[in-house]
>>> print(open('query.pdb').read())   # PDB, C-alpha atoms
ATOM      1  CA  MET T  24     174.900 101.783 152.053
ATOM      2  CA  SER T  25     175.104  98.106 151.086
ATOM      3  CA  TYR T  26     175.941  95.320 153.537
ATOM      4  CA  TYR T  27     178.773  94.190 151.259
ATOM      5  CA  PHE T  28     181.475  95.324 148.839
ATOM      6  CA  LYS T  29     181.809  93.428 145.546
ATOM      7  CA  GLY T  30     184.313  93.353 142.707
ATOM      8  CA  LYS T  31     185.078  91.260 139.642
ATOM      9  CA  SER T  32     188.370  89.401 139.384
ATOM     10  CA  ASN T  33     190.320  89.082 136.147
ATOM     11  CA  GLU T  34     191.948  85.865 137.414
ATOM     12  CA  ASN T  35     190.657  82.305 137.642
ATOM     13  CA  PHE T  36     189.048  81.066 140.847
ATOM     14  CA  ASP T  37     192.149  79.544 142.472
ATOM     15  CA  GLN T  38     194.361  82.507 141.599
ATOM     16  CA  THR T  39     191.707  84.849 142.980
ATOM     17  CA  ILE T  40     191.753  82.992 146.307
ATOM     18  CA  GLU T  41     195.532  83.445 146.458
ATOM     19  CA  ASN T  42     195.331  87.123 145.475
ATOM     20  CA  VAL T  43     192.563  87.921 147.955
ATOM     21  CA  THR T  44     194.444  86.174 150.758
ATOM     22  CA  ALA T  45     197.578  88.208 149.958
ATOM     23  CA  LEU T  46     195.613  91.470 149.737
ATOM     24  CA  LEU T  47     193.938  90.750 153.068
ATOM     25  CA  LYS T  48     197.366  90.160 154.599
ATOM     26  CA  GLU T  49     198.556  93.545 153.296
ATOM     27  CA  GLU T  50     195.609  95.121 155.139
ATOM     28  CA  GLY T  51     196.442  93.314 158.401
ATOM     29  CA  PHE T  52     194.054  90.360 158.109
ATOM     30  CA  GLY T  53     194.724  86.673 158.409
ATOM     31  CA  VAL T  54     192.369  84.023 157.081
ATOM     32  CA  LEU T  55     191.237  81.983 160.095
ATOM     33  CA  THR T  56     188.696  79.812 158.330
ATOM     34  CA  GLU T  57     188.047  78.655 154.805
ATOM     35  CA  ILE T  58     184.772  76.989 153.881
ATOM     36  CA  ASP T  59     184.510  75.260 150.516
ATOM     37  CA  VAL T  60     180.746  75.499 149.997
ATOM     38  CA  GLN T  61     180.861  73.559 146.726
ATOM     39  CA  ALA T  62     182.564  70.544 148.346
ATOM     40  CA  THR T  63     180.438  70.725 151.482
ATOM     41  CA  LEU T  64     177.125  70.737 149.599
ATOM     42  CA  LYS T  65     178.288  67.848 147.439
ATOM     43  CA  LYS T  66     179.377  65.807 150.441
ATOM     44  CA  LYS T  67     176.441  66.582 152.735
ATOM     45  CA  ILE T  68     173.457  66.654 150.371
ATOM     46  CA  ASP T  69     174.865  65.489 147.007
ATOM     47  CA  VAL T  70     174.162  68.826 145.313
ATOM     48  CA  ASP T  71     176.329  70.252 142.558
ATOM     49  CA  PHE T  72     177.034  73.917 143.208
ATOM     50  CA  ARG T  73     179.344  76.493 141.646
ATOM     51  CA  LYS T  74     182.783  77.216 143.087
ATOM     52  CA  TYR T  75     182.060  79.203 146.237
ATOM     53  CA  ARG T  76     184.562  79.766 149.025
ATOM     54  CA  ILE T  77     184.019  81.680 152.271
ATOM     55  CA  LEU T  78     187.174  83.129 153.819
ATOM     56  CA  GLY T  79     186.919  84.141 157.465
ATOM     57  CA  ALA T  80     189.253  87.127 157.762
ATOM     58  CA  CYS T  81     190.440  88.567 161.069
ATOM     59  CA  ASN T  82     192.524  91.582 162.011
ATOM     60  CA  PRO T  83     193.624  90.722 165.577
ATOM     61  CA  PRO T  84     194.193  94.270 166.917
ATOM     62  CA  PHE T  85     190.772  95.409 165.727
ATOM     63  CA  ALA T  86     189.157  92.163 166.876
ATOM     64  CA  HIS T  87     190.540  92.779 170.360
ATOM     65  CA  LYS T  88     189.239  96.360 170.405
ATOM     66  CA  ALA T  89     185.799  95.278 169.201
ATOM     67  CA  LEU T  90     185.582  92.430 171.734
ATOM     68  CA  SER T  91     186.588  94.854 174.481
ATOM     69  CA  ALA T  92     183.836  97.268 173.457
ATOM     70  CA  GLU T  93     181.071  94.678 172.926
ATOM     71  CA  ASP T  94     181.185  91.252 174.563
ATOM     72  CA  ASN T  95     178.893  89.530 172.033
ATOM     73  CA  ILE T  96     180.516  91.003 168.928
ATOM     74  CA  GLY T  97     182.119  87.620 168.311
ATOM     75  CA  LEU T  98     178.781  86.638 166.789
ATOM     76  CA  MET T  99     179.710  88.875 163.847
ATOM     77  CA  MET T 100     183.305  87.749 163.555
ATOM     78  CA  PRO T 101     185.359  86.977 161.580
ATOM     79  CA  CYS T 102     184.736  89.264 158.603
ATOM     80  CA  ASN T 103     183.575  87.029 155.776
ATOM     81  CA  VAL T 104     184.932  87.358 152.267
ATOM     82  CA  VAL T 105     183.325  85.293 149.491
ATOM     83  CA  VAL T 106     184.976  84.204 146.247
ATOM     84  CA  GLN T 107     182.590  82.643 143.741
ATOM     85  CA  GLU T 108     182.647  81.586 140.126
ATOM     86  CA  TYR T 109     179.468  81.913 138.081
ATOM     87  CA  GLU T 110     178.359  79.692 135.195
ATOM     88  CA  ASP T 111     179.813  82.132 132.657
ATOM     89  CA  GLY T 112     183.247  81.706 134.262
ATOM     90  CA  GLU T 113     183.320  85.142 135.866
ATOM     91  CA  VAL T 114     184.866  85.242 139.328
ATOM     92  CA  TRP T 115     183.548  87.768 141.838
ATOM     93  CA  VAL T 116     184.733  88.666 145.317
ATOM     94  CA  SER T 117     182.485  90.081 148.030
ATOM     95  CA  ALA T 118     183.251  91.231 151.564
ATOM     96  CA  ILE T 119     181.000  92.134 154.448
ATOM     97  CA  ASN T 120     180.643  95.845 155.200
ATOM     98  CA  PRO T 121     181.215  95.984 158.969
ATOM     99  CA  GLU T 122     179.906  99.546 159.189
ATOM    100  CA  VAL T 123     176.448  98.322 158.225
ATOM    101  CA  ALA T 124     176.669  95.137 160.288
ATOM    102  CA  MET T 125     177.827  96.882 163.469
ATOM    103  CA  LYS T 126     174.981  99.405 163.421
ATOM    104  CA  GLY T 127     172.708  96.554 164.436
ATOM    105  CA  THR T 128     174.457  96.300 167.789
ATOM    106  CA  GLY T 129     173.350  99.756 168.892
ATOM    107  CA  ASN T 130     176.835 100.249 170.376
ATOM    108  CA  ASP T 131     178.266 103.529 169.070
ATOM    109  CA  ASN T 132     181.685 102.635 170.513
ATOM    110  CA  LEU T 133     182.115 100.180 167.624
ATOM    111  CA  ALA T 134     181.716 102.833 164.920
ATOM    112  CA  PRO T 135     185.406 103.834 164.676
ATOM    113  CA  PHE T 136     186.562 100.204 164.398
ATOM    114  CA  ALA T 137     183.830  99.343 161.921
ATOM    115  CA  LYS T 138     184.714 102.332 159.757
ATOM    116  CA  GLU T 139     188.403 101.402 159.602
ATOM    117  CA  ILE T 140     187.764  97.709 158.953
ATOM    118  CA  SER T 141     185.229  98.616 156.247
ATOM    119  CA  ALA T 142     187.801 100.865 154.566
ATOM    120  CA  ARG T 143     190.396  98.084 154.610
ATOM    121  CA  LEU T 144     188.017  95.472 153.196
ATOM    122  CA  GLU T 145     186.818  97.874 150.527
ATOM    123  CA  ARG T 146     190.441  98.492 149.483
ATOM    124  CA  VAL T 147     190.909  94.725 149.122
ATOM    125  CA  ILE T 148     187.829  94.463 146.909
ATOM    126  CA  ASN T 149     188.883  97.472 144.820
ATOM    127  CA  ARG T 150     192.292  95.864 144.170
ATOM    128  CA  VAL T 151     190.905  92.502 143.066
TER     129      VAL T 151
END
>>> encode(input="query.pdb", output="structure tokens")
Amino acid sequence: MSYYFKGKSNENFDQTIENVTALLKEEGFGVLTEIDVQATLKKKIDVDFRKYRILGACNPPFAHKALSAEDNIGLMMPCNVVVQEYEDGEVWVSAINPEVAMKGTGNDNLAPFAKEISARLERVINRV
């Protein structure tokens, strides 16, 4: 089992960001953070990098359940979704697989939440 789900978009980079955000919303997620890696690397270290955006997605009811079951689980939140454009112009979307990530906690009480969140994120990736 991989630590991420990945799918190719048929849209351009900006449209993919919009589509992914809408698909996440349909699955109960909001985007809490958005990191423009390309702009940050240019500004901080004057490096040119491909279009690469990290979306920090959160599903509040599941976040609450996970935080109630494991006090340090916030270290693994929010669920990151990456949209990136390669040199050939292809746009790919990846999302963390919480089932794999949560196993590292050793807390079996997280398994049901991780399974459901993984299923939702995988559906987003499959619909890109």
>>> resolve_selection(input="query.pdb", expression="the PyMOL selection byres ((chain T and resi 72) around 6)", output="CSV table (one decimal) with C-alpha atoms, keeping the file's coordinate frame")
chain,number,residue,atom,x,y,z
T,61,GLN,CA,180.9,73.6,146.7
T,71,ASP,CA,176.3,70.3,142.6
T,73,ARG,CA,179.3,76.5,141.6
>>> resolve_selection(input="query.pdb", expression="the PyMOL selection byres ((chain T and resi 126) around 12)", output="ChimeraX atom specification")
/T:24,26,96,99,120-125,127-138
>>> residues_around(input="query.pdb", residues="stretch 40-49 of chain T", least_positions_apart="3", cutoff="8 Å", atoms="all atoms listed in the file", output="MDAnalysis selection string")
chainID T and resid 36:37 52:54 80 106 144 147 150:151
>>> residues_near_point(input="query.pdb", point="(189.0, 94.0, 167.5)", cutoff="10 Å", atoms="all atoms listed in the file", output="number ranges by chain")
T: 81-93, 96-97, 100-101, 133, 136-137, 140
>>> resolve_selection(input="query.pdb", expression="the PyMOL selection byres ((chain T and resi 107) around 7)", output="list in words")
Lys74, Tyr75, Arg76, Val105, Val106, Glu108, Tyr109, Val114, Trp115 and Val116 of chain T
>>> atom_distance(input="query.pdb", atom1="atom CA of T:Leu55", atom2="atom CA of T:Val104")
11.4 Å
